[in-house]
Amino acid sequence: MILYGVSATWTFFNTGADKATILHLPGELESAYQPKVNWNVTNQQGRSMETQTLRELEKDYKNAWYVKYSALASNNPFGLADYYTSDAKDYIERLLDYNRTNDIYTRGTSIQHNPELLFYSLDGKLVVFTDKNLETFEETYVDDKLLHRESSIGSYQVTMLLEDGFWRIRQLVKIASKKPSLGRRTVNVNKINKGINYYPKEHPWDMFSENFNDSIVQKDFVLLKKMDFNSVRIFIPYKAFGGPNVKISCLQQVHSLLDIAKKQQLKVLITLFDFYGNYDVLDWTLTHRHAEHIVNSLKNHDALLGWDIKNEPDLDYESRGKENVKAWLTAMAKQIKYWDTKHPITIGWSNPEAAIDLANEVDLVSFHYYGSLENLFNRYQKLKEQVPDKPLVLQEYGYSSYSGVWNGLISSENKQADYLKAIQKFISDEELPYFLWTLYDFEKIPNAVAGRLPWRKTKQKYFGLLDTGGKPKKAYQVLLKNKKGNN
């Protein structure tokens, strides 16, 4: 498949636009590719570097990497001449010729650049810098089959020339590299006990932006505290939150929610990616910027419990490729560990069997369970045996009380209460931290959550402890009776 950036560019050219117009149009490539760049200009020689020039240099340097990876993915040299001088371009084109001949292509991205400026010429037309500990991720395919996947760190000496008003790479030479220290993590994973997944009843799966109401959150969190919950799990929708360009207003709303939680002595587990399912390598830097903005903004809040990277990513295995999903999760976990050295990281797997994946990359191993009680013990014990050295969390569980025609009239509030009573005993016996699904029944369920099929969508409305009017259901009484046993 042609990557998104290449596809967009190809479409643009087929409309008759001039090549230079798109490649140097502000925001075009930058919106598709946003690796982290950390400049060091303290030891440079020559002419003093101007702030605006540094911005232009950084933009063209990042774009050079993007165009290179786009070329390697399609074996098309399109765009290389705009960001590489003739000698550097010729080297890449020879590689593309070889790849085309042998049915090879590479999908990749740079993740983090750490350039140290060494020299800026007096005429303002040449710069030399080292890009230390540059992080990259690459996948090599032969005959459309994945041959090799690698995450690597390397250092390069870079020479760039100013030509026609744009900075072009003249030389990119690999040099000796010293593996960076990741820093020491001191993570406390003993704060979860009795938790609940939360949405306000009027806006499930659409809590933030114009729908956020702090008075409703305040009322609900007071109720949760009275019910003896001590933890809450919330969800960040990727696109609605602004994607890589996180909306300040949405971040402020999460801050407000955390402030309310702190007053009620509740801890909050934040799921960073909801309604996201791309995992494309060239999309990685965009998701990294999304997570970076949120993590760095919220990591010092007293009410923060930890980070849940993605909700039920294993459900994307078939459509997106298991190894693609796991590679993205692994890279994301590594990035979060850079930004936050104190709070635990987890992944919200849809079942106990999937939770074995990437157990070494997280601090808490979380799984969801909506199956029969008869199978719970054996499936849980198998997970414990396979992951003996990490705390386990039952991150979602529940039972729908819907008793209508779409489920054959087989459920009821009584059956929901009986299910929760049995599973709460299991939780108590195993001393298993948990997050119940959920506080309220909902009147509307988005198609993106349960699809359009009425027997799936309708059932999803009735998992709450309270009905749509806020009246306690029989399951509510079960949780109250278990209050003392789960303290």
# chains A, B, ... in the order shown; residues from 1 in each chain; ligands from 1
>>> residues_around(residues="region 257-265 of chain A", least_positions_apart="3", cutoff="9 Å", atoms="only C-alpha atoms", output="PDB file with all heavy atoms, in the first residue's frame")
ATOM      1  N   ASP A 214     -18.427  20.093  34.376  1.00  0.00           N
ATOM      2  CA  ASP A 214     -17.751  19.757  35.631  1.00  0.00           C
ATOM      3  C   ASP A 214     -18.724  19.561  36.786  1.00  0.00           C
ATOM      4  O   ASP A 214     -18.439  18.808  37.721  1.00  0.00           O
ATOM      5  CB  ASP A 214     -16.699  20.807  35.975  1.00  0.00           C
ATOM      6  CG  ASP A 214     -17.249  22.214  35.999  1.00  0.00           C
ATOM      7  OD1 ASP A 214     -18.462  22.400  35.795  1.00  0.00           O
ATOM      8  OD2 ASP A 214     -16.453  23.155  36.208  1.00  0.00           O
ATOM      9  N   VAL A 217     -19.734  15.923  36.596  1.00  0.00           N
ATOM     10  CA  VAL A 217     -18.635  15.093  37.059  1.00  0.00           C
ATOM     11  C   VAL A 217     -18.523  15.170  38.581  1.00  0.00           C
ATOM     12  O   VAL A 217     -18.333  14.151  39.255  1.00  0.00           O
ATOM     13  CB  VAL A 217     -17.313  15.531  36.406  1.00  0.00           C
ATOM     14  CG1 VAL A 217     -16.133  14.763  36.993  1.00  0.00           C
ATOM     15  CG2 VAL A 217     -17.372  15.321  34.895  1.00  0.00           C
ATOM     16  N   GLN A 218     -18.670  16.365  39.132  1.00  0.00           N
ATOM     17  CA  GLN A 218     -18.626  16.546  40.580  1.00  0.00           C
ATOM     18  C   GLN A 218     -19.702  15.707  41.271  1.00  0.00           C
ATOM     19  O   GLN A 218     -19.426  14.984  42.242  1.00  0.00           O
ATOM     20  CB  GLN A 218     -18.819  18.030  40.915  1.00  0.00           C
ATOM     21  CG  GLN A 218     -19.049  18.346  42.392  1.00  0.00           C
ATOM     22  CD  GLN A 218     -17.794  18.199  43.228  1.00  0.00           C
ATOM     23  OE1 GLN A 218     -16.682  18.280  42.714  1.00  0.00           O
ATOM     24  NE2 GLN A 218     -17.967  17.996  44.528  1.00  0.00           N
ATOM     25  N   PHE A 221     -18.837  11.931  40.937  1.00  0.00           N
ATOM     26  CA  PHE A 221     -17.679  11.506  41.725  1.00  0.00           C
ATOM     27  C   PHE A 221     -17.997  11.485  43.221  1.00  0.00           C
ATOM     28  O   PHE A 221     -17.458  10.656  43.961  1.00  0.00           O
ATOM     29  CB  PHE A 221     -16.482  12.410  41.434  1.00  0.00           C
ATOM     30  CG  PHE A 221     -15.756  12.057  40.152  1.00  0.00           C
ATOM     31  CD1 PHE A 221     -16.359  11.262  39.193  1.00  0.00           C
ATOM     32  CD2 PHE A 221     -14.470  12.514  39.904  1.00  0.00           C
ATOM     33  CE1 PHE A 221     -15.696  10.923  38.016  1.00  0.00           C
ATOM     34  CE2 PHE A 221     -13.795  12.184  38.738  1.00  0.00           C
ATOM     35  CZ  PHE A 221     -14.415  11.389  37.787  1.00  0.00           C
ATOM     36  N   VAL A 222     -18.862  12.372  43.671  1.00  0.00           N
ATOM     37  CA  VAL A 222     -19.331  12.308  45.063  1.00  0.00           C
ATOM     38  C   VAL A 222     -20.064  10.991  45.289  1.00  0.00           C
ATOM     39  O   VAL A 222     -19.872  10.319  46.318  1.00  0.00           O
ATOM     40  CB  VAL A 222     -20.254  13.507  45.381  1.00  0.00           C
ATOM     41  CG1 VAL A 222     -20.971  13.296  46.717  1.00  0.00           C
ATOM     42  CG2 VAL A 222     -19.446  14.796  45.412  1.00  0.00           C
ATOM     43  N   LEU A 224     -19.653   8.183  43.574  1.00  0.00           N
ATOM     44  CA  LEU A 224     -18.685   7.090  43.524  1.00  0.00           C
ATOM     45  C   LEU A 224     -17.941   6.950  44.842  1.00  0.00           C
ATOM     46  O   LEU A 224     -17.672   5.830  45.304  1.00  0.00           O
ATOM     47  CB  LEU A 224     -17.691   7.331  42.385  1.00  0.00           C
ATOM     48  CG  LEU A 224     -18.244   7.232  40.962  1.00  0.00           C
ATOM     49  CD1 LEU A 224     -17.149   7.540  39.944  1.00  0.00           C
ATOM     50  CD2 LEU A 224     -18.856   5.861  40.695  1.00  0.00           C
ATOM     51  N   LYS A 225     -17.612   8.067  45.460  1.00  0.00           N
ATOM     52  CA  LYS A 225     -16.929   8.021  46.751  1.00  0.00           C
ATOM     53  C   LYS A 225     -17.832   7.414  47.821  1.00  0.00           C
ATOM     54  O   LYS A 225     -17.385   6.599  48.643  1.00  0.00           O
ATOM     55  CB  LYS A 225     -16.485   9.428  47.167  1.00  0.00           C
ATOM     56  CG  LYS A 225     -15.647   9.446  48.454  1.00  0.00           C
ATOM     57  CD  LYS A 225     -14.373   8.635  48.281  1.00  0.00           C
ATOM     58  CE  LYS A 225     -13.524   8.654  49.543  1.00  0.00           C
ATOM     59  NZ  LYS A 225     -12.291   7.836  49.399  1.00  0.00           N
ATOM     60  N   ASN A 230     -12.477   3.832  44.795  1.00  0.00           N
ATOM     61  CA  ASN A 230     -11.310   4.689  45.002  1.00  0.00           C
ATOM     62  C   ASN A 230     -10.558   4.995  43.704  1.00  0.00           C
ATOM     63  O   ASN A 230      -9.579   5.731  43.719  1.00  0.00           O
ATOM     64  CB  ASN A 230     -10.346   4.081  46.033  1.00  0.00           C
ATOM     65  CG  ASN A 230      -9.769   2.752  45.596  1.00  0.00           C
ATOM     66  OD1 ASN A 230      -9.837   2.374  44.435  1.00  0.00           O
ATOM     67  ND2 ASN A 230      -9.208   2.014  46.552  1.00  0.00           N
ATOM     68  N   SER A 231     -11.032   4.423  42.579  1.00  0.00           N
ATOM     69  CA  SER A 231     -10.346   4.624  41.306  1.00  0.00           C
ATOM     70  C   SER A 231     -11.364   4.771  40.183  1.00  0.00           C
ATOM     71  O   SER A 231     -12.441   4.175  40.227  1.00  0.00           O
ATOM     72  CB  SER A 231      -9.415   3.448  40.990  1.00  0.00           C
ATOM     73  OG  SER A 231      -8.505   3.216  42.059  1.00  0.00           O
ATOM     74  N   VAL A 232     -10.991   5.559  39.174  1.00  0.00           N
ATOM     75  CA  VAL A 232     -11.850   5.799  38.018  1.00  0.00           C
ATOM     76  C   VAL A 232     -11.008   5.667  36.755  1.00  0.00           C
ATOM     77  O   VAL A 232      -9.878   6.165  36.698  1.00  0.00           O
ATOM     78  CB  VAL A 232     -12.482   7.212  38.069  1.00  0.00           C
ATOM     79  CG1 VAL A 232     -13.348   7.464  36.847  1.00  0.00           C
ATOM     80  CG2 VAL A 232     -13.290   7.398  39.344  1.00  0.00           C
ATOM     81  N   GLN A 252      -7.570  21.107  29.501  1.00  0.00           N
ATOM     82  CA  GLN A 252      -8.064  21.817  30.678  1.00  0.00           C
ATOM     83  C   GLN A 252      -9.237  21.088  31.310  1.00  0.00           C
ATOM     84  O   GLN A 252      -9.387  21.074  32.539  1.00  0.00           O
ATOM     85  CB  GLN A 252      -8.447  23.244  30.290  1.00  0.00           C
ATOM     86  CG  GLN A 252      -7.256  24.119  29.925  1.00  0.00           C
ATOM     87  CD  GLN A 252      -7.655  25.475  29.368  1.00  0.00           C
ATOM     88  OE1 GLN A 252      -8.783  25.664  28.891  1.00  0.00           O
ATOM     89  NE2 GLN A 252      -6.736  26.432  29.391  1.00  0.00           N
ATOM     90  N   GLN A 253     -10.068  20.468  30.484  1.00  0.00           N
ATOM     91  CA  GLN A 253     -11.198  19.705  31.017  1.00  0.00           C
ATOM     92  C   GLN A 253     -10.729  18.473  31.784  1.00  0.00           C
ATOM     93  O   GLN A 253     -11.289  18.135  32.831  1.00  0.00           O
ATOM     94  CB  GLN A 253     -12.128  19.316  29.866  1.00  0.00           C
ATOM     95  CG  GLN A 253     -12.875  20.497  29.272  1.00  0.00           C
ATOM     96  CD  GLN A 253     -13.573  20.161  27.968  1.00  0.00           C
ATOM     97  OE1 GLN A 253     -13.469  19.049  27.462  1.00  0.00           O
ATOM     98  NE2 GLN A 253     -14.295  21.124  27.415  1.00  0.00           N
ATOM     99  N   VAL A 254      -9.694  17.808  31.279  1.00  0.00           N
ATOM    100  CA  VAL A 254      -9.149  16.661  32.011  1.00  0.00           C
ATOM    101  C   VAL A 254      -8.530  17.123  33.323  1.00  0.00           C
ATOM    102  O   VAL A 254      -8.660  16.459  34.356  1.00  0.00           O
ATOM    103  CB  VAL A 254      -8.117  15.899  31.160  1.00  0.00           C
ATOM    104  CG1 VAL A 254      -7.596  14.688  31.925  1.00  0.00           C
ATOM    105  CG2 VAL A 254      -8.730  15.443  29.849  1.00  0.00           C
ATOM    106  N   VAL A 268      -7.238   8.405  39.129  1.00  0.00           N
ATOM    107  CA  VAL A 268      -7.751   8.323  37.763  1.00  0.00           C
ATOM    108  C   VAL A 268      -6.744   7.621  36.849  1.00  0.00           C
ATOM    109  O   VAL A 268      -5.597   8.048  36.734  1.00  0.00           O
ATOM    110  CB  VAL A 268      -8.070   9.717  37.204  1.00  0.00           C
ATOM    111  CG1 VAL A 268      -8.619   9.609  35.782  1.00  0.00           C
ATOM    112  CG2 VAL A 268      -9.072  10.442  38.108  1.00  0.00           C
ATOM    113  N   LEU A 298      -0.184  16.257  32.407  1.00  0.00           N
ATOM    114  CA  LEU A 298      -0.940  15.706  33.529  1.00  0.00           C
ATOM    115  C   LEU A 298      -0.103  14.884  34.509  1.00  0.00           C
ATOM    116  O   LEU A 298      -0.596  14.516  35.578  1.00  0.00           O
ATOM    117  CB  LEU A 298      -2.080  14.825  33.006  1.00  0.00           C
ATOM    118  CG  LEU A 298      -3.054  15.470  32.016  1.00  0.00           C
ATOM    119  CD1 LEU A 298      -4.060  14.435  31.527  1.00  0.00           C
ATOM    120  CD2 LEU A 298      -3.767  16.653  32.643  1.00  0.00           C
ATOM    121  N   HIS A 301      -0.036  15.603  38.378  1.00  0.00           N
ATOM    122  CA  HIS A 301      -1.273  15.800  39.131  1.00  0.00           C
ATOM    123  C   HIS A 301      -1.411  14.718  40.201  1.00  0.00           C
ATOM    124  O   HIS A 301      -1.182  13.531  39.948  1.00  0.00           O
ATOM    125  CB  HIS A 301      -2.481  15.759  38.195  1.00  0.00           C
ATOM    126  CG  HIS A 301      -3.690  16.418  38.780  1.00  0.00           C
ATOM    127  ND1 HIS A 301      -4.400  15.868  39.830  1.00  0.00           N
ATOM    128  CD2 HIS A 301      -4.318  17.586  38.477  1.00  0.00           C
ATOM    129  CE1 HIS A 301      -5.407  16.670  40.144  1.00  0.00           C
ATOM    130  NE2 HIS A 301      -5.374  17.724  39.325  1.00  0.00           N
ATOM    131  N   ASP A 302      -1.808  15.110  41.390  1.00  0.00           N
ATOM    132  CA  ASP A 302      -1.903  14.180  42.516  1.00  0.00           C
ATOM    133  C   ASP A 302      -2.951  13.095  42.308  1.00  0.00           C
ATOM    134  O   ASP A 302      -2.864  12.017  42.918  1.00  0.00           O
ATOM    135  CB  ASP A 302      -2.228  14.946  43.803  1.00  0.00           C
ATOM    136  CG  ASP A 302      -1.090  15.837  44.264  1.00  0.00           C
ATOM    137  OD1 ASP A 302       0.056  15.571  43.858  1.00  0.00           O
ATOM    138  OD2 ASP A 302      -1.345  16.805  45.004  1.00  0.00           O
ATOM    139  N   ALA A 303      -3.957  13.351  41.482  1.00  0.00           N
ATOM    140  CA  ALA A 303      -5.035  12.378  41.298  1.00  0.00           C
ATOM    141  C   ALA A 303      -4.719  11.348  40.218  1.00  0.00           C
ATOM    142  O   ALA A 303      -5.485  10.392  40.033  1.00  0.00           O
ATOM    143  CB  ALA A 303      -6.338  13.094  40.955  1.00  0.00           C
ATOM    144  N   LEU A 304      -3.615  11.503  39.500  1.00  0.00           N
ATOM    145  CA  LEU A 304      -3.297  10.580  38.419  1.00  0.00           C
ATOM    146  C   LEU A 304      -2.877   9.222  38.968  1.00  0.00           C
ATOM    147  O   LEU A 304      -1.992   9.128  39.822  1.00  0.00           O
ATOM    148  CB  LEU A 304      -2.174  11.153  37.552  1.00  0.00           C
ATOM    149  CG  LEU A 304      -1.711  10.266  36.390  1.00  0.00           C
ATOM    150  CD1 LEU A 304      -2.827  10.066  35.375  1.00  0.00           C
ATOM    151  CD2 LEU A 304      -0.470  10.859  35.727  1.00  0.00           C
TER     152      LEU A 304
END
>>> residues_around(residues="region 81-92 of chain A", least_positions_apart="4", cutoff="7 Å", atoms="only C-alpha atoms", output="NGL selection string")
:A and (60 or 64 or 96 or 167-171)
>>> residues_around(residues="Ser155 (chain A)", least_positions_apart="6", cutoff="10 Å", atoms="only C-alpha atoms", output="PyMOL selection string")
chain A and resi 113-115+130-135+172-179
>>> write_last_selection(atoms="C-alpha atoms", output="tab-separated table (two decimals), in the first residue's frame")
chain	number	residue	atom	x	y	z
A	113	HIS	CA	16.22	13.58	16.68
A	114	ASN	CA	18.84	15.15	18.97
A	115	PRO	CA	20.86	17.48	16.71
A	130	THR	CA	25.52	15.75	14.68
A	131	ASP	CA	22.19	14.03	15.22
A	132	LYS	CA	22.96	12.06	18.37
A	133	ASN	CA	21.05	8.92	19.33
A	134	LEU	CA	18.56	9.28	16.52
A	135	GLU	CA	15.74	6.78	17.04
A	172	LEU	CA	24.51	12.03	6.16
A	173	VAL	CA	27.33	9.93	7.64
A	174	LYS	CA	26.84	7.42	10.44
A	175	ILE	CA	29.24	7.89	13.35
A	176	ALA	CA	29.95	6.12	16.64
A	177	SER	CA	27.00	6.18	19.00
A	178	LYS	CA	26.67	5.70	22.73
A	179	LYS	CA	23.44	4.09	23.88
>>> residues_around(residues="Tyr33 (chain A)", least_positions_apart="2", cutoff="8 Å", atoms="only C-alpha atoms", output="list in words")
Leu29, Glu30, Ser31, Pro35, Lys62, Asn63, Tyr66, Leu282, Asp283, Thr285 and Leu286 of chain A
>>> closest_residue(among="A:Ala475, A:Ala355, A:Ile445, A:Leu436", to="Ala417 (chain A)", atoms="only C-alpha atoms")
A:Ala475
>>> select_by_dssp(residues="region 167-302 of chain A", states="helix (DSSP H, G or I)", output="MDAnalysis selection string")
chainID A and resid 209:211 214:226 248:263 281:298
>>> closest_residue(among="A:Arg100, A:Lys471, A:Lys310, A:Lys415", to="Ser366 (chain A)", atoms="only C-alpha atoms")
A:Lys310
>>> atom_distance(atom1="CA of Arg379 (chain A)", atom2="CA of Ala354 (chain A)")
11.0 Å
>>> residues_around(residues="region 244-246 of chain A", least_positions_apart="6", cutoff="8 Å", atoms="only C-alpha atoms", output="list of chain:residue names")
A:Leu286, A:Thr287, A:His288, A:Arg289, A:His290, A:Ala291, A:His293, A:Ile294
>>> select_by_dssp(residues="region 181-411 of chain A", states="strand (DSSP E)", output="VMD selection string")
chain A and resid 194 to 197 231 to 237 267 to 274 304 to 311 345 to 349 365 to 369 392 to 397
>>> closest_residue(among="A:Ser215, A:Asn38, A:Ser297, A:Asn375", to="Leu251 (chain A)", atoms="only C-alpha atoms")
A:Ser297
>>> atom_distance(atom1="CA of Lys247 (chain A)", atom2="CA of Tyr276 (chain A)")
16.6 Å
>>> residues_around(residues="Leu392 (chain A)", least_positions_apart="2", cutoff="12 Å", atoms="only C-alpha atoms", output="MDAnalysis selection string")
chainID A and resid 189:190 192:193 346:349 352 355:356 359 362:368 380:381 383:390 394:395 427 430:435
>>> closest_residue(among="A:Thr438, A:Asn76, A:Gln112, A:Thr159", to="Leu57 (chain A)", atoms="only C-alpha atoms")
A:Thr159
>>> residues_around(residues="Gly46 (chain A)", least_positions_apart="4", cutoff="7 Å", atoms="only C-alpha atoms", output="list in words")
Phe119, Tyr120, Ser121 and Leu122 of chain A
>>> atom_distance(atom1="CA of Phe129 (chain A)", atom2="CA of Met160 (chain A)")
8.7 Å
>>> closest_residue(among="A:Lys425, A:Lys191, A:Lys125, A:Arg149", to="Gly165 (chain A)", atoms="only C-alpha atoms")
A:Lys125
>>> decode(residues="region 428-454 of chain A", atoms="N, CA, C and O atoms", output="compact mmCIF listing (two decimals), in the first residue's frame")
# COMPACT_ATOMS: atom_id res chain seq x y z
N SER A 428 -12.78 -10.77 45.51
CA SER A 428 -12.37 -10.69 46.92
C SER A 428 -11.44 -11.85 47.29
O SER A 428 -10.42 -11.65 47.95
N ASP A 429 -11.78 -13.06 46.84
CA ASP A 429 -10.96 -14.23 47.16
C ASP A 429 -9.56 -14.10 46.56
O ASP A 429 -8.57 -14.50 47.17
N GLU A 430 -9.48 -13.55 45.35
CA GLU A 430 -8.19 -13.44 44.67
C GLU A 430 -7.47 -12.14 44.99
O GLU A 430 -6.33 -11.94 44.54
N GLU A 431 -8.12 -11.25 45.74
CA GLU A 431 -7.56 -9.93 46.05
C GLU A 431 -7.14 -9.22 44.75
O GLU A 431 -6.03 -8.70 44.62
N LEU A 432 -8.07 -9.22 43.82
CA LEU A 432 -7.81 -8.72 42.46
C LEU A 432 -8.32 -7.30 42.31
O LEU A 432 -9.52 -7.04 42.46
N PRO A 433 -7.45 -6.34 42.00
CA PRO A 433 -7.93 -4.97 41.72
C PRO A 433 -8.82 -4.97 40.49
O PRO A 433 -8.62 -5.75 39.56
N TYR A 434 -9.80 -4.04 40.45
CA TYR A 434 -10.75 -4.09 39.35
C TYR A 434 -11.32 -2.71 39.01
O TYR A 434 -11.26 -1.77 39.81
N PHE A 435 -11.88 -2.64 37.80
CA PHE A 435 -12.66 -1.50 37.33
C PHE A 435 -13.96 -2.04 36.73
O PHE A 435 -13.94 -2.69 35.68
N LEU A 436 -15.07 -1.79 37.39
CA LEU A 436 -16.37 -2.27 36.93
C LEU A 436 -16.84 -1.47 35.71
O LEU A 436 -16.55 -0.28 35.57
N TRP A 437 -17.58 -2.12 34.81
CA TRP A 437 -18.28 -1.43 33.72
C TRP A 437 -19.78 -1.51 34.00
O TRP A 437 -20.34 -2.59 33.95
N THR A 438 -20.44 -0.42 34.28
CA THR A 438 -20.07 0.97 34.45
C THR A 438 -21.09 1.59 35.39
O THR A 438 -21.99 0.90 35.88
N LEU A 439 -21.06 2.88 35.62
CA LEU A 439 -21.95 3.51 36.59
C LEU A 439 -23.39 3.60 36.07
O LEU A 439 -24.34 3.28 36.79
N TYR A 440 -23.58 4.05 34.83
CA TYR A 440 -24.93 4.34 34.31
C TYR A 440 -25.31 3.43 33.14
O TYR A 440 -24.46 2.99 32.37
N ASP A 441 -26.60 3.20 33.00
CA ASP A 441 -27.16 2.78 31.72
C ASP A 441 -27.14 3.99 30.78
O ASP A 441 -27.20 5.14 31.25
N PHE A 442 -27.08 3.73 29.48
CA PHE A 442 -27.01 4.82 28.50
C PHE A 442 -28.17 4.74 27.51
O PHE A 442 -28.56 3.65 27.09
N GLU A 443 -28.69 5.89 27.14
CA GLU A 443 -29.79 5.92 26.19
C GLU A 443 -29.32 5.74 24.76
O GLU A 443 -30.04 5.18 23.93
N LYS A 444 -28.10 6.22 24.44
CA LYS A 444 -27.58 6.14 23.09
C LYS A 444 -26.18 5.53 23.10
O LYS A 444 -25.36 5.88 23.94
N ILE A 445 -25.94 4.64 22.14
CA ILE A 445 -24.63 4.02 21.97
C ILE A 445 -24.11 4.36 20.57
O ILE A 445 -24.78 4.04 19.58
N PRO A 446 -22.96 4.99 20.43
CA PRO A 446 -22.43 5.31 19.10
C PRO A 446 -22.18 4.05 18.27
O PRO A 446 -21.80 3.00 18.82
N ASN A 447 -22.39 4.14 16.98
CA ASN A 447 -22.14 3.00 16.10
C ASN A 447 -20.70 2.53 16.16
O ASN A 447 -20.40 1.35 15.98
N ALA A 448 -19.78 3.47 16.40
CA ALA A 448 -18.36 3.13 16.45
C ALA A 448 -18.03 2.22 17.63
O ALA A 448 -16.98 1.57 17.64
N VAL A 449 -18.92 2.15 18.62
CA VAL A 449 -18.67 1.34 19.81
C VAL A 449 -19.17 -0.09 19.63
O VAL A 449 -18.45 -1.05 19.90
N ALA A 450 -20.39 -0.23 19.17
CA ALA A 450 -21.01 -1.56 19.10
C ALA A 450 -21.54 -1.92 17.72
O ALA A 450 -22.20 -2.95 17.56
N GLY A 451 -21.28 -1.08 16.73
CA GLY A 451 -21.81 -1.35 15.40
C GLY A 451 -23.28 -0.96 15.29
O GLY A 451 -23.87 -0.39 16.20
N ARG A 452 -23.89 -1.34 14.16
CA ARG A 452 -25.28 -0.98 13.89
C ARG A 452 -26.27 -2.09 14.23
O ARG A 452 -27.47 -1.85 14.25
N LEU A 453 -25.78 -3.29 14.48
CA LEU A 453 -26.68 -4.41 14.74
C LEU A 453 -27.42 -4.19 16.06
O LEU A 453 -26.79 -4.02 17.11
N PRO A 454 -28.74 -4.21 16.05
CA PRO A 454 -29.51 -3.86 17.26
C PRO A 454 -29.30 -4.81 18.42
O PRO A 454 -29.37 -4.39 19.58
